[in-house]
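Peer 1: Questions regarding the structure given below will be posed in turn.
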Amino acid sequence: MGQERELSAPHRARVVLVPVPYDATTSSRPGARFGPEAILAASLQIEDHDLELNREPISVGVAVDDPLEPDISSPEAMVERVHSACRSWHEKGKLVCVLGGEHSVTVGAARAAAESRPSISFLQIDAHLDLRDSYQGSRYSHACTARRLWELGDVVAVGIRDGSAEEHRWVRENDAPIYWAQEIWARERSHGEDWIDEAVEKLGPEVYVTVDVDGLDSSIMPATGTPVPGGLGYWQLLRLLRRAGERRRVVGFDICELAPLPSNPAPEFTAASILYKMIGYFTAS
Ligand SMILES: [Mn+2]
């Protein structure tokens, strides 16, 4: 985002981006540590005017924090580091967006957003349930993200198409609201996009939005550690995010799990575009 320097000064900016180049618990292809840098580089090519919103979202002011140094002593220590970095921006009244990094960093960002907001709820875009209580010896693995979010508030998950038997059992036992990718696909044949309003209605007044880029279909988002076919389309995801911004107060958000592919620059432009759209949608009021 090639914005004017004055607007990107932290004291002027309404939005602060916190890059978290970390991917220590990734179980498949690593590389999410290179995600923040790739998204920020691609963002320089995005035009300031947003055709859909008919304004320049960048004009709210967007500051970019220094990349958070990874703490590789444990995933829990890294979550705490993200938490404390985000908390200091929340205390200054900023809308904080974390650029991951693997999805475990969301837990720290969400905790910071949840402080002094006991009724916060979460909108999770993902291919995976991420509902394991622990994974490979850690409760702060990327595979446990949604389970940790449930300890802070209700989670509405969208685009899901992968999960273990244990996770599916947890969904049934807890009656968790999941918008399975396949159900969305089938439902749109007969009912159009009514699922979007329904999903947003399930969220409380204050919402944290986490976008794991693998929620998108792997044809447009191959650059991620664990791509899964049959995911959300670009416009489908944007319509959901826009509606969430219109109907709810978004108090924090992130975009995670981009692991850039040297052979294909399109995914980082896709992620940068979604980031810019979210800035527009979530700062409308
Ligand atoms: Mn995922």
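How things are named: the first chain in the structure tokens is A, the next is B, and so on; residues count from 1 in each chain; ligands count from 1 in the order shown.
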Identify, counting only C-alpha atoms and all ligand atoms, the protein, DNA and RNA residues located within 12 Å of ligand 1, and give them as a tab-separated table (two decimals) with all heavy atoms, in the first residue's frame.
Peer 2:
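So result-v4.tsv came out as:
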```tsv
chain	number	residue	atom	x	y	z
A	26	THR	N	4.04	-25.85	11.79
A	26	THR	CA	3.45	-26.30	10.53
A	26	THR	C	3.72	-27.78	10.31
A	26	THR	O	4.86	-28.23	10.44
A	26	THR	CB	4.04	-25.48	9.37
A	26	THR	OG1	3.79	-24.10	9.62
A	26	THR	CG2	3.42	-25.86	8.04
A	27	SER	N	2.65	-28.55	9.99
A	27	SER	CA	2.82	-30.00	9.89
A	27	SER	C	3.06	-30.44	8.45
A	27	SER	O	3.56	-31.53	8.21
A	27	SER	CB	1.59	-30.72	10.46
A	27	SER	OG	0.41	-30.13	9.99
A	28	SER	N	2.72	-29.60	7.49
A	28	SER	CA	2.92	-29.98	6.09
A	28	SER	C	4.02	-29.10	5.49
A	28	SER	O	5.06	-28.92	6.09
A	28	SER	CB	1.59	-29.84	5.35
A	28	SER	OG	1.74	-30.16	4.01
A	32	ALA	N	5.02	-20.32	5.66
A	32	ALA	CA	4.13	-19.24	6.08
A	32	ALA	C	4.90	-18.09	6.73
A	32	ALA	O	4.40	-16.97	6.81
A	32	ALA	CB	3.05	-19.76	7.04
A	101	GLY	N	2.33	-15.81	8.65
A	101	GLY	CA	2.44	-16.67	9.83
A	101	GLY	C	1.41	-17.81	9.79
A	101	GLY	O	0.41	-17.76	9.09
A	102	GLU	N	1.78	-18.85	10.53
A	102	GLU	CA	0.87	-19.97	10.68
A	102	GLU	C	-0.31	-19.58	11.56
A	102	GLU	O	-0.27	-18.58	12.29
A	102	GLU	CB	1.61	-21.18	11.25
A	102	GLU	CG	2.23	-20.89	12.62
A	102	GLU	CD	2.63	-22.16	13.34
A	102	GLU	OE1	3.64	-22.75	12.94
A	102	GLU	OE2	1.94	-22.53	14.31
A	103	HIS	N	-1.36	-20.41	11.50
A	103	HIS	CA	-2.63	-20.01	12.09
A	103	HIS	C	-2.59	-19.93	13.62
A	103	HIS	O	-3.47	-19.31	14.24
A	103	HIS	CB	-3.73	-20.95	11.62
A	103	HIS	CG	-5.09	-20.32	11.60
A	103	HIS	ND1	-6.22	-20.99	11.26
A	103	HIS	CD2	-5.49	-19.07	11.91
A	103	HIS	CE1	-7.26	-20.19	11.35
A	103	HIS	NE2	-6.85	-19.01	11.74
A	104	SER	N	-1.59	-20.52	14.26
A	104	SER	CA	-1.52	-20.47	15.73
A	104	SER	C	-1.37	-19.03	16.24
A	104	SER	O	-1.76	-18.74	17.37
A	104	SER	CB	-0.37	-21.33	16.24
A	104	SER	OG	0.86	-20.85	15.72
A	106	THR	N	-3.01	-16.55	15.56
A	106	THR	CA	-4.35	-15.99	15.77
A	106	THR	C	-4.74	-15.99	17.25
A	106	THR	O	-5.42	-15.07	17.72
A	106	THR	CB	-5.38	-16.79	14.95
A	106	THR	OG1	-5.10	-16.61	13.57
A	106	THR	CG2	-6.81	-16.35	15.23
A	124	GLN	N	-14.39	-17.56	11.64
A	124	GLN	CA	-13.22	-18.30	11.17
A	124	GLN	C	-13.42	-18.74	9.73
A	124	GLN	O	-14.37	-19.46	9.44
A	124	GLN	CB	-12.99	-19.53	12.07
A	124	GLN	CG	-11.89	-20.48	11.59
A	124	GLN	CD	-11.99	-21.86	12.24
A	124	GLN	OE1	-12.94	-22.14	12.99
A	124	GLN	NE2	-11.03	-22.71	11.95
A	125	ILE	N	-12.55	-18.31	8.84
A	125	ILE	CA	-12.55	-18.79	7.46
A	125	ILE	C	-11.42	-19.79	7.36
A	125	ILE	O	-10.26	-19.46	7.66
A	125	ILE	CB	-12.28	-17.64	6.45
A	125	ILE	CG1	-13.06	-16.38	6.79
A	125	ILE	CG2	-12.49	-18.12	5.02
A	125	ILE	CD1	-14.53	-16.53	6.80
A	126	ASP	N	-11.72	-21.01	6.93
A	126	ASP	CA	-10.70	-22.06	7.01
A	126	ASP	C	-11.15	-23.29	6.23
A	126	ASP	O	-12.35	-23.53	6.08
A	126	ASP	CB	-10.51	-22.45	8.50
A	126	ASP	CG	-9.12	-22.95	8.82
A	126	ASP	OD1	-8.53	-23.66	7.99
A	126	ASP	OD2	-8.64	-22.63	9.92
A	127	ALA	N	-10.19	-24.08	5.76
A	127	ALA	CA	-10.52	-25.41	5.23
A	127	ALA	C	-10.64	-26.42	6.36
A	127	ALA	O	-11.30	-27.45	6.23
A	127	ALA	CB	-9.44	-25.87	4.27
A	128	HIS	N	-9.97	-26.12	7.48
A	128	HIS	CA	-9.80	-27.10	8.56
A	128	HIS	C	-10.56	-26.68	9.82
A	128	HIS	O	-10.63	-25.50	10.13
A	128	HIS	CB	-8.31	-27.23	8.90
A	128	HIS	CG	-7.45	-27.47	7.69
A	128	HIS	ND1	-6.83	-26.45	7.01
A	128	HIS	CD2	-7.15	-28.61	7.04
A	128	HIS	CE1	-6.17	-26.95	5.99
A	128	HIS	NE2	-6.35	-28.25	5.96
A	129	LEU	N	-11.03	-27.67	10.55
A	129	LEU	CA	-11.75	-27.37	11.78
A	129	LEU	C	-10.83	-26.74	12.83
A	129	LEU	O	-11.25	-25.87	13.59
A	129	LEU	CB	-12.39	-28.64	12.35
A	129	LEU	CG	-13.67	-29.12	11.65
A	129	LEU	CD1	-14.04	-30.51	12.14
A	129	LEU	CD2	-14.82	-28.14	11.90
A	130	ASP	N	-9.56	-27.19	12.88
A	130	ASP	CA	-8.60	-26.69	13.89
A	130	ASP	C	-9.15	-26.80	15.31
A	130	ASP	O	-8.97	-25.92	16.14
A	130	ASP	CB	-8.22	-25.22	13.61
A	130	ASP	CG	-7.30	-25.05	12.41
A	130	ASP	OD1	-6.84	-26.07	11.85
A	130	ASP	OD2	-7.04	-23.89	12.03
A	131	LEU	N	-9.84	-27.92	15.58
A	131	LEU	CA	-10.50	-28.09	16.88
A	131	LEU	C	-9.83	-29.12	17.77
A	131	LEU	O	-10.40	-29.56	18.77
A	131	LEU	CB	-11.97	-28.51	16.66
A	131	LEU	CG	-12.93	-27.37	16.30
A	131	LEU	CD1	-14.28	-27.93	15.86
A	131	LEU	CD2	-13.10	-26.40	17.45
A	141	SER	N	-0.68	-25.50	18.90
A	141	SER	CA	-0.37	-25.83	17.51
A	141	SER	C	-1.39	-25.14	16.60
A	141	SER	O	-2.49	-24.80	17.01
A	141	SER	CB	-0.44	-27.35	17.33
A	141	SER	OG	-0.68	-27.67	15.98
A	142	HIS	N	-1.02	-24.97	15.33
A	142	HIS	CA	-1.96	-24.42	14.33
A	142	HIS	C	-3.23	-25.26	14.22
A	142	HIS	O	-4.29	-24.76	13.82
A	142	HIS	CB	-1.26	-24.33	12.97
A	142	HIS	CG	-0.91	-25.68	12.41
A	142	HIS	ND1	-1.69	-26.31	11.48
A	142	HIS	CD2	0.08	-26.54	12.71
A	142	HIS	CE1	-1.17	-27.50	11.20
A	142	HIS	NE2	-0.09	-27.66	11.93
A	143	ALA	N	-3.13	-26.56	14.59
A	143	ALA	CA	-4.29	-27.45	14.48
A	143	ALA	C	-5.27	-27.30	15.64
A	143	ALA	O	-6.32	-27.94	15.66
A	143	ALA	CB	-3.81	-28.91	14.39
A	144	CYS	N	-4.93	-26.44	16.61
A	144	CYS	CA	-5.76	-26.24	17.80
A	144	CYS	C	-6.38	-24.84	17.87
A	144	CYS	O	-7.00	-24.48	18.88
A	144	CYS	CB	-4.93	-26.47	19.07
A	144	CYS	SG	-4.00	-28.00	19.08
A	145	THR	N	-6.19	-24.04	16.82
A	145	THR	CA	-6.56	-22.62	16.88
A	145	THR	C	-8.02	-22.40	17.26
A	145	THR	O	-8.32	-21.63	18.18
A	145	THR	CB	-6.23	-21.94	15.54
A	145	THR	OG1	-4.82	-22.02	15.34
A	145	THR	CG2	-6.66	-20.49	15.53
A	146	ALA	N	-8.93	-23.07	16.55
A	146	ALA	CA	-10.35	-22.81	16.82
A	146	ALA	C	-10.75	-23.30	18.21
A	146	ALA	O	-11.59	-22.69	18.88
A	146	ALA	CB	-11.22	-23.47	15.76
A	157	ALA	N	-17.64	-20.99	11.90
A	157	ALA	CA	-16.58	-21.40	10.97
A	157	ALA	C	-17.16	-21.60	9.57
A	157	ALA	O	-18.23	-22.21	9.42
A	157	ALA	CB	-15.92	-22.68	11.45
A	158	VAL	N	-16.46	-21.10	8.56
A	158	VAL	CA	-16.98	-21.10	7.19
A	158	VAL	C	-15.93	-21.66	6.22
A	158	VAL	O	-14.76	-21.30	6.29
A	158	VAL	CB	-17.35	-19.66	6.76
A	158	VAL	CG1	-17.77	-19.63	5.29
A	158	VAL	CG2	-18.46	-19.09	7.65
A	159	GLY	N	-16.40	-22.52	5.33
A	159	GLY	CA	-15.52	-23.06	4.28
A	159	GLY	C	-14.85	-24.37	4.67
A	159	GLY	O	-13.98	-24.87	3.94
A	160	ILE	N	-15.27	-24.93	5.80
A	160	ILE	CA	-14.59	-26.11	6.36
A	160	ILE	C	-14.85	-27.34	5.48
A	160	ILE	O	-15.97	-27.57	5.02
A	160	ILE	CB	-15.10	-26.39	7.80
A	160	ILE	CG1	-15.04	-25.13	8.67
A	160	ILE	CG2	-14.30	-27.55	8.41
A	160	ILE	CD1	-13.70	-24.56	8.94
A	161	ARG	N	-13.83	-28.13	5.26
A	161	ARG	CA	-13.99	-29.37	4.51
A	161	ARG	C	-12.98	-30.44	4.94
A	161	ARG	O	-12.74	-31.39	4.22
A	161	ARG	CB	-13.87	-29.10	3.00
A	161	ARG	CG	-12.64	-28.28	2.60
A	161	ARG	CD	-12.93	-27.51	1.32
A	161	ARG	NE	-11.75	-26.84	0.79
A	161	ARG	CZ	-11.31	-25.64	1.17
A	161	ARG	NH1	-11.97	-24.98	2.12
A	161	ARG	NH2	-10.24	-25.10	0.63
A	162	ASP	N	-12.39	-30.27	6.11
A	162	ASP	CA	-11.40	-31.23	6.58
A	162	ASP	C	-11.37	-31.24	8.11
A	162	ASP	O	-11.40	-30.17	8.73
A	162	ASP	CB	-10.02	-30.83	6.05
A	162	ASP	CG	-9.14	-32.04	5.76
A	162	ASP	OD1	-9.59	-33.17	6.01
A	162	ASP	OD2	-8.01	-31.84	5.28
A	163	GLY	N	-11.33	-32.44	8.68
A	163	GLY	CA	-11.24	-32.55	10.13
A	163	GLY	C	-11.15	-34.01	10.53
A	163	GLY	O	-11.58	-34.89	9.78
A	210	THR	N	-10.87	-14.16	11.55
A	210	THR	CA	-9.60	-14.79	11.17
A	210	THR	C	-9.74	-15.48	9.82
A	210	THR	O	-10.64	-16.30	9.62
A	210	THR	CB	-9.10	-15.78	12.26
A	210	THR	OG1	-7.90	-16.40	11.78
A	210	THR	CG2	-10.10	-16.85	12.61
A	211	VAL	N	-8.88	-15.09	8.89
A	211	VAL	CA	-8.89	-15.67	7.55
A	211	VAL	C	-7.64	-16.54	7.39
A	211	VAL	O	-6.53	-16.04	7.28
A	211	VAL	CB	-8.90	-14.59	6.46
A	211	VAL	CG1	-8.82	-15.24	5.07
A	211	VAL	CG2	-10.15	-13.72	6.56
A	212	ASP	N	-7.85	-17.87	7.43
A	212	ASP	CA	-6.81	-18.79	6.99
A	212	ASP	C	-7.00	-18.90	5.48
A	212	ASP	O	-8.08	-19.30	5.02
A	212	ASP	CB	-7.01	-20.15	7.69
A	212	ASP	CG	-5.97	-21.18	7.27
A	212	ASP	OD1	-5.45	-21.08	6.14
A	212	ASP	OD2	-5.69	-22.09	8.06
A	213	VAL	N	-5.96	-18.53	4.71
A	213	VAL	CA	-6.17	-18.46	3.25
A	213	VAL	C	-6.54	-19.80	2.64
A	213	VAL	O	-7.08	-19.84	1.53
A	213	VAL	CB	-4.95	-17.85	2.51
A	213	VAL	CG1	-4.72	-16.40	2.92
A	213	VAL	CG2	-3.69	-18.71	2.69
A	214	ASP	N	-6.31	-20.92	3.37
A	214	ASP	CA	-6.71	-22.20	2.78
A	214	ASP	C	-8.22	-22.40	2.79
A	214	ASP	O	-8.73	-23.37	2.22
A	214	ASP	CB	-5.95	-23.39	3.41
A	214	ASP	CG	-6.27	-23.63	4.87
A	214	ASP	OD1	-7.39	-23.32	5.31
A	214	ASP	OD2	-5.39	-24.15	5.58
A	215	GLY	N	-8.96	-21.46	3.39
A	215	GLY	CA	-10.42	-21.47	3.25
A	215	GLY	C	-10.82	-21.26	1.80
A	215	GLY	O	-11.85	-21.76	1.34
A	216	LEU	N	-9.99	-20.51	1.06
A	216	LEU	CA	-10.23	-20.33	-0.38
A	216	LEU	C	-9.96	-21.64	-1.12
A	216	LEU	O	-9.19	-22.48	-0.65
A	216	LEU	CB	-9.28	-19.25	-0.93
A	216	LEU	CG	-9.60	-17.81	-0.55
A	216	LEU	CD1	-8.40	-16.92	-0.87
A	216	LEU	CD2	-10.84	-17.31	-1.26
A	217	ASP	N	-10.56	-21.78	-2.29
A	217	ASP	CA	-10.32	-22.97	-3.08
A	217	ASP	C	-8.84	-23.06	-3.47
A	217	ASP	O	-8.21	-22.05	-3.78
A	217	ASP	CB	-11.20	-22.95	-4.33
A	217	ASP	CG	-11.11	-24.27	-5.05
A	217	ASP	OD1	-11.60	-25.27	-4.50
A	217	ASP	OD2	-10.52	-24.31	-6.14
A	218	SER	N	-8.31	-24.28	-3.48
A	218	SER	CA	-6.88	-24.44	-3.77
A	218	SER	C	-6.52	-24.04	-5.20
A	218	SER	O	-5.35	-23.81	-5.50
A	218	SER	CB	-6.43	-25.88	-3.49
A	218	SER	OG	-7.26	-26.80	-4.15
A	221	MET	N	-5.83	-20.50	-4.47
A	221	MET	CA	-4.91	-20.34	-3.33
A	221	MET	C	-4.09	-21.62	-3.13
A	221	MET	O	-4.26	-22.34	-2.15
A	221	MET	CB	-5.70	-19.97	-2.07
A	221	MET	CG	-4.82	-19.65	-0.86
A	221	MET	SD	-3.44	-18.53	-1.19
A	221	MET	CE	-4.28	-16.95	-1.45
A	224	THR	N	-0.24	-22.40	0.13
A	224	THR	CA	-0.51	-22.55	1.55
A	224	THR	C	-0.08	-23.94	1.97
A	224	THR	O	0.03	-24.85	1.13
A	224	THR	CB	-2.01	-22.27	1.83
A	224	THR	OG1	-2.23	-22.20	3.22
A	224	THR	CG2	-2.92	-23.30	1.19
A	225	GLY	N	0.21	-24.12	3.25
A	225	GLY	CA	0.82	-25.36	3.72
A	225	GLY	C	0.00	-26.60	3.45
A	225	GLY	O	0.53	-27.65	3.10
A	226	THR	N	-1.32	-26.49	3.60
A	226	THR	CA	-2.20	-27.65	3.45
A	226	THR	C	-3.39	-27.30	2.57
A	226	THR	O	-4.49	-27.08	3.05
A	226	THR	CB	-2.72	-28.11	4.84
A	226	THR	OG1	-1.65	-28.01	5.79
A	226	THR	CG2	-3.20	-29.54	4.81
A	227	PRO	N	-3.16	-27.19	1.25
A	227	PRO	CA	-4.28	-26.82	0.37
A	227	PRO	C	-5.31	-27.95	0.28
A	227	PRO	O	-4.95	-29.12	0.30
A	227	PRO	CB	-3.61	-26.60	-1.00
A	227	PRO	CG	-2.22	-27.10	-0.89
A	227	PRO	CD	-1.91	-27.45	0.53
A	228	VAL	N	-6.59	-27.56	0.22
A	228	VAL	CA	-7.67	-28.54	0.13
A	228	VAL	C	-8.61	-28.09	-0.99
A	228	VAL	O	-9.00	-26.92	-1.03
A	228	VAL	CB	-8.48	-28.61	1.46
A	228	VAL	CG1	-9.48	-29.76	1.42
A	228	VAL	CG2	-7.56	-28.77	2.66
A	231	GLY	N	-12.94	-25.32	-1.99
A	231	GLY	CA	-13.11	-24.21	-1.05
A	231	GLY	C	-13.88	-23.03	-1.60
A	231	GLY	O	-14.50	-23.09	-2.67
A	255	ILE	N	-4.96	-12.35	8.64
A	255	ILE	CA	-4.89	-13.20	7.46
A	255	ILE	C	-3.62	-14.03	7.60
A	255	ILE	O	-2.54	-13.48	7.80
A	255	ILE	CB	-5.02	-12.39	6.15
A	255	ILE	CG1	-5.01	-13.31	4.93
A	255	ILE	CG2	-3.98	-11.29	6.05
A	255	ILE	CD1	-5.58	-12.67	3.67
A	256	CYS	N	-3.80	-15.36	7.56
A	256	CYS	CA	-2.71	-16.28	7.91
A	256	CYS	C	-2.49	-17.34	6.84
A	256	CYS	O	-3.32	-17.54	5.97
A	256	CYS	CB	-3.07	-17.01	9.21
A	256	CYS	SG	-3.09	-15.94	10.64
A	257	GLU	N	-1.37	-18.05	7.00
A	257	GLU	CA	-1.07	-19.29	6.27
A	257	GLU	C	-0.74	-19.12	4.80
A	257	GLU	O	-0.77	-20.09	4.04
A	257	GLU	CB	-2.21	-20.32	6.43
A	257	GLU	CG	-2.40	-20.83	7.85
A	257	GLU	CD	-1.34	-21.85	8.30
A	257	GLU	OE1	-0.49	-22.23	7.48
A	257	GLU	OE2	-1.35	-22.23	9.49
A	258	LEU	N	-0.44	-17.88	4.36
A	258	LEU	CA	0.08	-17.76	2.99
A	258	LEU	C	1.55	-18.21	3.01
A	258	LEU	O	2.37	-17.64	3.73
A	258	LEU	CB	0.01	-16.30	2.50
A	258	LEU	CG	0.63	-16.12	1.11
A	258	LEU	CD1	-0.33	-16.56	0.01
A	258	LEU	CD2	1.07	-14.69	0.87
```
Peer 1: Extract, using only C-alpha atoms, all DNA, RNA and protein residues at most 9 Å from segment 53-66 of chain A, discarding same-chain residues fewer than 6 positions from it, and format them as number ranges by chain.
Peer 2: A: 1, 3-4, 6-19, 47, 276-277, 279-281, 283-284
Peer 1: Using N, CA, C and O atoms, can you write the selected residues to a file as a short mmCIF file (atom, residue, chain, number, x, y, z; two decimals), in the first residue's frame?
Peer 2:
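Output file part.cif follows:
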```
data_model
loop_
_atom_site.label_atom_id
_atom_site.label_comp_id
_atom_site.auth_asym_id
_atom_site.auth_seq_id
_atom_site.Cartn_x
_atom_site.Cartn_y
_atom_site.Cartn_z
N MET A 1 0.85 -1.18 0.00
CA MET A 1 0.00 0.00 0.00
C MET A 1 0.89 1.24 0.00
O MET A 1 1.42 1.62 1.02
N GLN A 3 1.01 4.22 0.47
CA GLN A 3 0.29 5.40 0.96
C GLN A 3 1.26 6.51 1.35
O GLN A 3 2.45 6.29 1.50
N GLU A 4 0.69 7.70 1.51
CA GLU A 4 1.51 8.83 1.94
C GLU A 4 2.04 8.56 3.34
O GLU A 4 1.34 8.03 4.19
N GLU A 6 2.56 10.32 5.90
CA GLU A 6 1.90 10.90 7.07
C GLU A 6 0.75 10.01 7.57
O GLU A 6 0.54 9.86 8.76
N LEU A 7 0.02 9.42 6.60
CA LEU A 7 -1.11 8.57 6.97
C LEU A 7 -0.67 7.25 7.59
O LEU A 7 -1.44 6.58 8.25
N SER A 8 0.57 6.86 7.35
CA SER A 8 1.03 5.58 7.88
C SER A 8 1.73 5.74 9.23
O SER A 8 2.19 4.76 9.80
N ALA A 9 1.77 6.96 9.75
CA ALA A 9 2.35 7.16 11.08
C ALA A 9 1.41 6.53 12.11
O ALA A 9 0.20 6.76 12.06
N PRO A 10 1.96 5.73 13.04
CA PRO A 10 1.09 5.02 13.98
C PRO A 10 0.12 5.92 14.74
O PRO A 10 -1.01 5.51 14.99
N HIS A 11 0.51 7.15 15.10
CA HIS A 11 -0.41 7.98 15.88
C HIS A 11 -1.58 8.48 15.04
O HIS A 11 -2.62 8.84 15.57
N ARG A 12 -1.43 8.49 13.71
CA ARG A 12 -2.50 8.95 12.83
C ARG A 12 -3.36 7.80 12.33
O ARG A 12 -4.53 7.97 12.00
N ALA A 13 -2.75 6.62 12.21
CA ALA A 13 -3.41 5.50 11.55
C ALA A 13 -4.54 4.92 12.38
O ALA A 13 -4.46 4.87 13.60
N ARG A 14 -5.61 4.51 11.71
CA ARG A 14 -6.69 3.81 12.41
C ARG A 14 -6.41 2.31 12.47
O ARG A 14 -6.82 1.63 13.40
N VAL A 15 -5.69 1.81 11.47
CA VAL A 15 -5.40 0.38 11.40
C VAL A 15 -3.90 0.15 11.58
O VAL A 15 -3.09 0.91 11.03
N VAL A 16 -3.54 -0.86 12.35
CA VAL A 16 -2.13 -1.24 12.48
C VAL A 16 -1.96 -2.69 12.05
O VAL A 16 -2.68 -3.58 12.54
N LEU A 17 -1.05 -2.91 11.10
CA LEU A 17 -0.73 -4.27 10.65
C LEU A 17 0.47 -4.77 11.45
O LEU A 17 1.48 -4.08 11.55
N VAL A 18 0.33 -5.96 12.02
CA VAL A 18 1.43 -6.56 12.79
C VAL A 18 1.92 -7.81 12.06
O VAL A 18 1.25 -8.86 12.09
N PRO A 19 3.06 -7.73 11.36
CA PRO A 19 3.56 -8.92 10.64
C PRO A 19 4.16 -9.93 11.63
O PRO A 19 4.96 -9.55 12.49
N GLU A 47 -4.20 -0.59 -6.25
CA GLU A 47 -4.67 0.78 -6.42
C GLU A 47 -5.42 1.24 -5.17
O GLU A 47 -6.13 0.46 -4.54
N TYR A 276 -6.77 -5.67 1.77
CA TYR A 276 -7.21 -4.29 1.51
C TYR A 276 -8.73 -4.19 1.56
O TYR A 276 -9.29 -3.21 2.09
N LYS A 277 -9.41 -5.22 1.05
CA LYS A 277 -10.88 -5.26 1.13
C LYS A 277 -11.33 -5.25 2.59
O LYS A 277 -12.26 -4.53 2.97
N ILE A 279 -9.77 -4.08 5.18
CA ILE A 279 -9.55 -2.74 5.75
C ILE A 279 -10.73 -1.83 5.37
O ILE A 279 -11.26 -1.09 6.19
N GLY A 280 -11.16 -1.91 4.12
CA GLY A 280 -12.30 -1.12 3.66
C GLY A 280 -13.59 -1.50 4.36
O GLY A 280 -14.32 -0.66 4.88
N TYR A 281 -13.87 -2.80 4.40
CA TYR A 281 -15.13 -3.26 4.98
C TYR A 281 -15.22 -2.97 6.48
O TYR A 281 -16.29 -2.70 7.01
N THR A 283 -13.70 -0.65 8.32
CA THR A 283 -13.54 0.73 8.78
C THR A 283 -14.60 1.63 8.18
O THR A 283 -14.45 2.86 8.14
N ALA A 284 -15.70 1.04 7.70
CA ALA A 284 -16.72 1.83 7.01
C ALA A 284 -17.40 2.83 7.94
O ALA A 284 -17.76 3.93 7.54
#
```
Peer 1: What are the closest atom pairs, with distances in Å to one decimal, for all residues of segment 120-239 of chain A lying within 9 Å of segment 73-76 of chain A? Consider only C-alpha atoms, order rows by chain and residue number, and present the result as CSV.
Peer 2:
```
residue,atom,partner,partner_atom,distance
A:Ser138,CA,A:Pro75,CA,7.3
A:Arg139,CA,A:Glu76,CA,7.9
A:Tyr140,CA,A:Pro75,CA,5.6
A:Ser141,CA,A:Pro75,CA,6.6
```
Peer 1: With only C-alpha atoms as the counted atoms, please give the residues lying no more than 9 Å from Phe34 of chain A, apart from itself and same-chain residues fewer than 5 positions off, as an NGL selection string.
Peer 2: :A and (21-23 or 39 or 100-101 or 258-260)
Peer 1: Go ahead and dump the residues you just picked, all heavy atoms, as a short mmCIF file (atom, residue, chain, number, x, y, z; two decimals), in the first residue's frame.
Peer 2:
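File produced: result_23.cif:
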```cif
data_model
loop_
_atom_site.label_atom_id
_atom_site.label_comp_id
_atom_site.auth_asym_id
_atom_site.auth_seq_id
_atom_site.Cartn_x
_atom_site.Cartn_y
_atom_site.Cartn_z
N PRO A 21 6.09 -13.29 11.14
CA PRO A 21 6.69 -14.29 10.24
C PRO A 21 7.11 -15.55 10.99
O PRO A 21 8.28 -15.75 11.29
CB PRO A 21 7.91 -13.56 9.67
CG PRO A 21 8.27 -12.55 10.72
CD PRO A 21 7.01 -12.21 11.47
N TYR A 22 6.14 -16.41 11.27
CA TYR A 22 6.37 -17.57 12.16
C TYR A 22 5.66 -18.80 11.61
O TYR A 22 4.47 -18.74 11.28
CB TYR A 22 5.81 -17.21 13.54
CG TYR A 22 5.78 -18.34 14.55
CD1 TYR A 22 6.93 -18.71 15.23
CD2 TYR A 22 4.60 -19.01 14.83
CE1 TYR A 22 6.91 -19.73 16.16
CE2 TYR A 22 4.56 -20.04 15.76
CZ TYR A 22 5.72 -20.39 16.43
OH TYR A 22 5.69 -21.40 17.36
N ASP A 23 6.39 -19.92 11.52
CA ASP A 23 5.72 -21.16 11.10
C ASP A 23 6.37 -22.41 11.72
O ASP A 23 6.61 -23.41 11.05
CB ASP A 23 5.63 -21.30 9.58
CG ASP A 23 6.99 -21.37 8.89
OD1 ASP A 23 8.02 -21.40 9.57
OD2 ASP A 23 7.00 -21.43 7.65
N ILE A 39 2.87 -10.46 1.27
CA ILE A 39 1.60 -9.71 1.22
C ILE A 39 1.90 -8.21 1.18
O ILE A 39 1.31 -7.47 0.39
CB ILE A 39 0.71 -10.05 2.44
CG1 ILE A 39 0.22 -11.50 2.36
CG2 ILE A 39 -0.47 -9.08 2.53
CD1 ILE A 39 -0.51 -11.98 3.61
N GLY A 100 -0.14 -13.31 9.35
CA GLY A 100 0.63 -14.53 9.64
C GLY A 100 1.47 -14.90 8.44
O GLY A 100 1.32 -14.32 7.37
N GLY A 101 2.33 -15.81 8.65
CA GLY A 101 2.44 -16.67 9.83
C GLY A 101 1.41 -17.81 9.79
O GLY A 101 0.41 -17.76 9.09
N LEU A 258 -0.44 -17.88 4.36
CA LEU A 258 0.08 -17.76 2.99
C LEU A 258 1.55 -18.21 3.01
O LEU A 258 2.37 -17.64 3.73
CB LEU A 258 0.01 -16.30 2.50
CG LEU A 258 0.63 -16.12 1.11
CD1 LEU A 258 -0.33 -16.56 0.01
CD2 LEU A 258 1.07 -14.69 0.87
N ALA A 259 1.84 -19.24 2.21
CA ALA A 259 3.23 -19.71 2.05
C ALA A 259 3.59 -19.51 0.58
O ALA A 259 3.26 -20.35 -0.26
CB ALA A 259 3.34 -21.18 2.45
N PRO A 260 4.22 -18.37 0.26
CA PRO A 260 4.38 -17.98 -1.15
C PRO A 260 5.09 -19.05 -2.00
O PRO A 260 5.98 -19.74 -1.53
CB PRO A 260 5.24 -16.72 -1.07
CG PRO A 260 5.09 -16.23 0.33
CD PRO A 260 4.85 -17.43 1.18
#
```
Peer 1: Give the alpha helix (DSSP H) residues of segment 163-224 of chain A, as DSSP finds them on the backbone, and put them as a list in words.
Peer 2: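 Restricting segment 163-224 of chain A to alpha helix (DSSP H) produces Ala165, Glu166, Glu167, His168, Arg169, Trp170, Val171, Arg172, Glu173, Asn174, Ala181, Gln182, Glu183, Ile184, Trp185, Ala186, Arg187, Glu188, Arg189, Ser190, His191, Asp194, Trp195, Ile196, Asp197, Glu198, Ala199, Val200 and Glu201 of chain A.
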Peer 1: Write out as a list in words the residues lying within 9 Å of Ala41 of chain A, counting only C-alpha atoms and excluding same-chain residues fewer than 5 positions away.
Peer 2: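 Once the nearby chain positions are removed, what remains is Met1, Pro36, Glu268, Phe269 and Ala272 of chain A.
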Peer 1: Rounded to one decimal, what separation in Å do you get between atom CA of Glu151 of chain A and atom CA of Leu241 of chain A?
Peer 2: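 Calculated distance between atom CA of Glu151 of chain A and atom CA of Leu241 of chain A is 23.2 Å.
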